[in-house]
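> One structure coming up, written as structure tokens, with questions to follow.
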Amino acid sequence: MTSTSSATRPFRVADLGTLVVLAWSGEAPDGDMPYLLAYTLGDAADGPEAATAAVERLLTDNGLPVGGDVVDGATRPSLPITMLVESGQAVLNMPQLNAQCVPPPEWLAAVGERGFAYLVFTTRPWPEAQPGKPVTPEALAEFAGAEETLTAAAHVVLPARSLRG
């Protein structure tokens, strides 16, 4: 008879594989909305399923429900995820990892206007959208707008912070 250990394996950032953050802005009734999409390429050593499980664990361990309600970072000052916007870059900070991207000027303008960005942090891998390779607006809309992507994601309104007071 064999048994499995009930001990929880410690979280390892390497289990995420390559984590990508992509910024864009889109039209909303009250002006441009800045969005961030965080996803894994699914290239973890143990495969896409392991990367998906690692992203889900990262999110839930940090109080971000996958497939749940939108978390408003402005009303939760203890939220362990923050966004720093500085020197033309957006940086997501979470316990155990930092991820950054260089957003387009219209995204920076929208964040400047609104003071926040809407983060979709999905457990669904997107191996086709690799860093350094252009992503067409159509491909972005197809992936980011897919029900499979959205229901496998934590949704967070993140206030923009800067180094200046």
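Chain identifiers are assigned as A, B, and so on, following the order in which chains appear in the structure tokens; residues are numbered from 1 within each chain, and ligands are numbered from 1 in order of appearance.
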Pick out the residues sitting within 7 Å of Tyr39 of chain A, and hand them over as a list in words; count only C-alpha atoms, and ignore anything fewer than 5 positions along from it in its own chain.

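Using only C-alpha atoms, the neighbours found are Leu19, Val20, Val21, Phe121, Thr122, Thr123, Arg124, Pro125 and Trp126 of chain A.
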
> Set out as CSV a contact list for segment 33-103 of chain A and segment 130-154 of chain A with a cut-off of 10 Å, giving each residue of segment 33-103 of chain A that qualifies its closest atom pair and distance in Å to one decimal, counting only C-alpha atoms, ordered by chain and rising residue number.


residue,atom,partner,partner_atom,distance
A:Leu36,CA,A:Ala144,CA,9.9
A:Leu37,CA,A:Ala144,CA,7.4
A:Ala38,CA,A:Ala153,CA,9.2
A:Tyr39,CA,A:Ala153,CA,9.2
A:Thr40,CA,A:Gln130,CA,9.4
A:Leu41,CA,A:Gln130,CA,7.1
A:Thr52,CA,A:Ala152,CA,9.4
A:Val55,CA,A:Ala153,CA,9.5
A:Glu56,CA,A:Ala153,CA,8.4
A:Leu59,CA,A:Ala154,CA,7.2
A:Thr60,CA,A:Ala154,CA,8.8
A:Gly63,CA,A:Ala154,CA,9.6
A:Leu64,CA,A:Ala154,CA,5.8
A:Pro65,CA,A:Ala154,CA,5.5
A:Val66,CA,A:Ala154,CA,4.5
A:Gly67,CA,A:Thr151,CA,4.6
A:Gly68,CA,A:Ala154,CA,6.8
A:Asp69,CA,A:Ala154,CA,8.0
A:Val70,CA,A:Ala154,CA,7.4
A:Val71,CA,A:Ala154,CA,8.0
A:Cys101,CA,A:Pro131,CA,9.7

> Quick one: residues within 8 Å of segment 26-35 of chain A, only C-alpha atoms, excluding same-chain residues fewer than 3 positions away - as number ranges by chain?

A: 23, 107-108, 110-111, 114, 116-120

> Would you mind exporting N, CA, C and O atoms of the selected residues as a PDB file, in the first residue's frame?


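Ended up saving to part_9.pdb:
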ATOM      1  N   ALA A  23       0.759  45.479 -21.018  1.00  0.00           N
ATOM      2  CA  ALA A  23      -0.088  46.650 -20.733  1.00  0.00           C
ATOM      3  C   ALA A  23      -0.728  47.155 -22.013  1.00  0.00           C
ATOM      4  O   ALA A  23      -0.094  47.174 -23.066  1.00  0.00           O
ATOM      5  N   TRP A 107      -1.202  54.141 -22.356  1.00  0.00           N
ATOM      6  CA  TRP A 107      -1.452  53.472 -21.081  1.00  0.00           C
ATOM      7  C   TRP A 107      -0.990  54.360 -19.930  1.00  0.00           C
ATOM      8  O   TRP A 107      -1.705  54.537 -18.948  1.00  0.00           O
ATOM      9  N   LEU A 108       0.216  54.902 -20.079  1.00  0.00           N
ATOM     10  CA  LEU A 108       0.743  55.790 -19.037  1.00  0.00           C
ATOM     11  C   LEU A 108      -0.165  56.996 -18.833  1.00  0.00           C
ATOM     12  O   LEU A 108      -0.418  57.412 -17.699  1.00  0.00           O
ATOM     13  N   ALA A 110      -3.418  57.104 -19.445  1.00  0.00           N
ATOM     14  CA  ALA A 110      -4.656  56.637 -18.810  1.00  0.00           C
ATOM     15  C   ALA A 110      -4.451  56.395 -17.317  1.00  0.00           C
ATOM     16  O   ALA A 110      -5.313  56.747 -16.497  1.00  0.00           O
ATOM     17  N   VAL A 111      -3.314  55.831 -16.930  1.00  0.00           N
ATOM     18  CA  VAL A 111      -3.024  55.629 -15.513  1.00  0.00           C
ATOM     19  C   VAL A 111      -2.874  56.980 -14.816  1.00  0.00           C
ATOM     20  O   VAL A 111      -3.345  57.164 -13.697  1.00  0.00           O
ATOM     21  N   ARG A 114      -6.479  58.257 -14.327  1.00  0.00           N
ATOM     22  CA  ARG A 114      -7.327  57.488 -13.415  1.00  0.00           C
ATOM     23  C   ARG A 114      -6.679  57.222 -12.054  1.00  0.00           C
ATOM     24  O   ARG A 114      -7.374  57.051 -11.069  1.00  0.00           O
ATOM     25  N   PHE A 116      -5.104  54.424 -11.398  1.00  0.00           N
ATOM     26  CA  PHE A 116      -5.107  52.976 -11.174  1.00  0.00           C
ATOM     27  C   PHE A 116      -5.090  52.264 -12.517  1.00  0.00           C
ATOM     28  O   PHE A 116      -5.294  52.880 -13.564  1.00  0.00           O
ATOM     29  N   ALA A 117      -4.847  50.960 -12.458  1.00  0.00           N
ATOM     30  CA  ALA A 117      -4.961  50.082 -13.625  1.00  0.00           C
ATOM     31  C   ALA A 117      -5.785  48.868 -13.214  1.00  0.00           C
ATOM     32  O   ALA A 117      -5.851  48.511 -12.031  1.00  0.00           O
ATOM     33  N   TYR A 118      -6.396  48.246 -14.189  1.00  0.00           N
ATOM     34  CA  TYR A 118      -7.185  47.038 -13.967  1.00  0.00           C
ATOM     35  C   TYR A 118      -6.319  45.843 -14.362  1.00  0.00           C
ATOM     36  O   TYR A 118      -5.947  45.700 -15.520  1.00  0.00           O
ATOM     37  N   LEU A 119      -5.980  45.011 -13.384  1.00  0.00           N
ATOM     38  CA  LEU A 119      -5.133  43.843 -13.601  1.00  0.00           C
ATOM     39  C   LEU A 119      -5.975  42.592 -13.774  1.00  0.00           C
ATOM     40  O   LEU A 119      -6.857  42.317 -12.962  1.00  0.00           O
ATOM     41  N   VAL A 120      -5.676  41.854 -14.838  1.00  0.00           N
ATOM     42  CA  VAL A 120      -6.215  40.520 -15.045  1.00  0.00           C
ATOM     43  C   VAL A 120      -5.016  39.581 -14.940  1.00  0.00           C
ATOM     44  O   VAL A 120      -4.145  39.589 -15.808  1.00  0.00           O
TER      45      VAL A 120
END

> Would you give me, as number ranges by chain, the residues in segment 16-65 of chain A that DSSP reads as helix (DSSP H, G or I)?

A: 16, 48-61

> Per DSSP on the backbone, what are the strand (DSSP E or B) residues of segment 25-125 of chain A, as number ranges by chain?

A: 25-28, 31-40, 71-72, 82-86, 89-94, 97-101, 116-122

> Output N, CA and C atoms of each residue in that selection to a file, as a short mmCIF file (atom, residue, chain, number, x, y, z; two decimals), in the first residue's frame.


data_model
loop_
_atom_site.label_atom_id
_atom_site.label_comp_id
_atom_site.auth_asym_id
_atom_site.auth_seq_id
_atom_site.Cartn_x
_atom_site.Cartn_y
_atom_site.Cartn_z
N SER A 25 -4.31 49.96 -23.24
CA SER A 25 -5.47 50.73 -22.79
C SER A 25 -6.60 50.52 -23.78
N GLY A 26 -7.80 50.63 -23.28
CA GLY A 26 -8.98 50.43 -24.10
C GLY A 26 -10.03 51.47 -23.79
N GLU A 27 -10.89 51.69 -24.74
CA GLU A 27 -11.94 52.68 -24.57
C GLU A 27 -12.98 52.21 -23.56
N ALA A 28 -13.38 53.13 -22.73
CA ALA A 28 -14.46 52.91 -21.76
C ALA A 28 -15.38 54.13 -21.87
N GLY A 31 -13.64 57.33 -20.72
CA GLY A 31 -12.26 57.58 -21.15
C GLY A 31 -11.47 56.29 -21.25
N ASP A 32 -10.19 56.43 -21.56
CA ASP A 32 -9.33 55.25 -21.69
C ASP A 32 -9.15 54.54 -20.35
N MET A 33 -9.20 53.21 -20.39
CA MET A 33 -8.97 52.37 -19.20
C MET A 33 -7.63 51.68 -19.37
N PRO A 34 -6.73 51.82 -18.39
CA PRO A 34 -5.46 51.10 -18.45
C PRO A 34 -5.60 49.68 -17.91
N TYR A 35 -5.15 48.71 -18.69
CA TYR A 35 -5.22 47.31 -18.31
C TYR A 35 -3.83 46.72 -18.21
N LEU A 36 -3.68 45.76 -17.33
CA LEU A 36 -2.50 44.91 -17.26
C LEU A 36 -2.97 43.47 -17.34
N LEU A 37 -2.27 42.68 -18.14
CA LEU A 37 -2.55 41.25 -18.23
C LEU A 37 -1.28 40.54 -17.79
N ALA A 38 -1.39 39.70 -16.76
CA ALA A 38 -0.27 38.88 -16.31
C ALA A 38 -0.62 37.43 -16.59
N TYR A 39 0.34 36.71 -17.18
CA TYR A 39 0.12 35.32 -17.54
C TYR A 39 1.46 34.60 -17.61
N THR A 40 1.40 33.28 -17.57
CA THR A 40 2.59 32.46 -17.75
C THR A 40 2.62 31.95 -19.19
N VAL A 71 -11.16 42.61 -6.87
CA VAL A 71 -10.55 43.09 -5.62
C VAL A 71 -10.14 44.55 -5.86
N ASP A 72 -10.60 45.43 -5.00
CA ASP A 72 -10.27 46.85 -5.11
C ASP A 72 -9.10 47.16 -4.18
N THR A 82 1.14 45.29 -5.31
CA THR A 82 1.14 46.72 -5.59
C THR A 82 1.66 46.96 -7.00
N MET A 83 1.39 48.16 -7.50
CA MET A 83 1.87 48.55 -8.81
C MET A 83 2.60 49.88 -8.68
N LEU A 84 3.84 49.87 -9.09
CA LEU A 84 4.65 51.07 -9.12
C LEU A 84 4.75 51.52 -10.58
N VAL A 85 4.44 52.79 -10.84
CA VAL A 85 4.58 53.36 -12.18
C VAL A 85 5.63 54.45 -12.07
N GLU A 86 6.76 54.23 -12.71
CA GLU A 86 7.89 55.14 -12.59
C GLU A 86 8.78 55.03 -13.82
N GLN A 89 7.78 52.85 -16.74
CA GLN A 89 7.61 51.42 -16.53
C GLN A 89 6.51 51.15 -15.51
N ALA A 90 5.91 49.98 -15.63
CA ALA A 90 4.96 49.50 -14.63
C ALA A 90 5.56 48.27 -13.99
N VAL A 91 5.59 48.26 -12.66
CA VAL A 91 6.18 47.14 -11.92
C VAL A 91 5.14 46.59 -10.96
N LEU A 92 4.85 45.29 -11.08
CA LEU A 92 3.99 44.60 -10.13
C LEU A 92 4.88 44.00 -9.06
N ASN A 93 4.54 44.25 -7.81
CA ASN A 93 5.29 43.71 -6.68
C ASN A 93 4.36 42.81 -5.87
N MET A 94 4.81 41.58 -5.65
CA MET A 94 4.10 40.63 -4.81
C MET A 94 5.15 39.93 -3.96
N LEU A 97 7.90 37.77 -5.82
CA LEU A 97 8.22 38.12 -7.20
C LEU A 97 7.92 39.58 -7.51
N ASN A 98 8.63 40.07 -8.52
CA ASN A 98 8.40 41.37 -9.13
C ASN A 98 8.35 41.13 -10.63
N ALA A 99 7.45 41.79 -11.31
CA ALA A 99 7.36 41.67 -12.76
C ALA A 99 7.15 43.07 -13.32
N GLN A 100 7.81 43.36 -14.43
CA GLN A 100 7.68 44.71 -14.98
C GLN A 100 7.45 44.67 -16.48
N CYS A 101 6.94 45.78 -16.98
CA CYS A 101 6.76 45.94 -18.42
C CYS A 101 6.91 47.42 -18.76
N PHE A 116 -5.10 54.42 -11.40
CA PHE A 116 -5.11 52.98 -11.17
C PHE A 116 -5.09 52.26 -12.52
N ALA A 117 -4.85 50.96 -12.46
CA ALA A 117 -4.96 50.08 -13.63
C ALA A 117 -5.78 48.87 -13.21
N TYR A 118 -6.40 48.25 -14.19
CA TYR A 118 -7.19 47.04 -13.97
C TYR A 118 -6.32 45.84 -14.36
N LEU A 119 -5.98 45.01 -13.38
CA LEU A 119 -5.13 43.84 -13.60
C LEU A 119 -5.98 42.59 -13.77
N VAL A 120 -5.68 41.85 -14.84
CA VAL A 120 -6.22 40.52 -15.04
C VAL A 120 -5.02 39.58 -14.94
N PHE A 121 -4.94 38.83 -13.85
CA PHE A 121 -3.81 37.92 -13.61
C PHE A 121 -4.36 36.51 -13.79
N THR A 122 -4.12 35.92 -14.95
CA THR A 122 -4.76 34.66 -15.30
C THR A 122 -3.85 33.46 -15.08
#

> Show which residues sit within 9 Å of Ala53 of chain A, as a list of chain:residue names. Count only C-alpha atoms, and ignore same-chain residues fewer than 3 positions away.

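Once the adjacent positions are removed, what remains is A:Asp15, A:Leu16, A:Pro48, A:Glu49, A:Ala50, A:Glu56, A:Arg57, A:Leu58, A:Thr123.
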
> Let's have the selection written as a tab-separated table (two decimals), in the first residue's frame, with N, CA and C atoms.


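See part-v5.tsv below for the written result:
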chain	number	residue	atom	x	y	z
A	15	ASP	N	8.34	27.39	-10.57
A	15	ASP	CA	7.18	26.62	-11.02
A	15	ASP	C	6.24	27.44	-11.90
A	16	LEU	N	6.37	28.78	-11.85
A	16	LEU	CA	5.54	29.64	-12.69
A	16	LEU	C	5.94	29.56	-14.15
A	48	PRO	N	2.87	22.94	-18.62
A	48	PRO	CA	1.85	23.99	-18.47
A	48	PRO	C	0.90	23.78	-17.29
A	49	GLU	N	0.58	22.52	-16.98
A	49	GLU	CA	-0.32	22.27	-15.85
A	49	GLU	C	0.32	22.72	-14.54
A	50	ALA	N	1.63	22.47	-14.42
A	50	ALA	CA	2.34	22.90	-13.21
A	50	ALA	C	2.40	24.42	-13.13
A	56	GLU	N	-2.07	29.81	-9.80
A	56	GLU	CA	-3.26	29.78	-8.94
A	56	GLU	C	-2.86	29.82	-7.47
A	57	ARG	N	-1.83	29.08	-7.11
A	57	ARG	CA	-1.38	29.10	-5.71
A	57	ARG	C	-0.84	30.47	-5.32
A	58	LEU	N	-0.05	31.09	-6.20
A	58	LEU	CA	0.48	32.43	-5.93
A	58	LEU	C	-0.66	33.41	-5.66
A	123	THR	N	-4.49	32.36	-14.74
A	123	THR	CA	-3.78	31.10	-14.60
A	123	THR	C	-3.64	30.40	-15.95

> Here is a test: counting only C-alpha atoms, which residue of A:Pro127, A:Arg76, A:Ala109, A:Pro95 is nearest to Ala51 of chain A?

A:Pro127

> Determine the nearest neighbour of Ser162 of chain A from the options A:Pro10, A:Gly88, A:Gly42, A:Pro104, counting only C-alpha atoms.

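Once distances to Ser162 of chain A are computed over only C-alpha atoms, the minimum belongs to A:Gly88.
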
> Ranking A:Ser87, A:Leu79, A:Pro103, A:Gly112 by minimum distance to Val157 of chain A and counting only C-alpha atoms, which one comes first?

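So, comparing all the options, the nearest one is A:Leu79.
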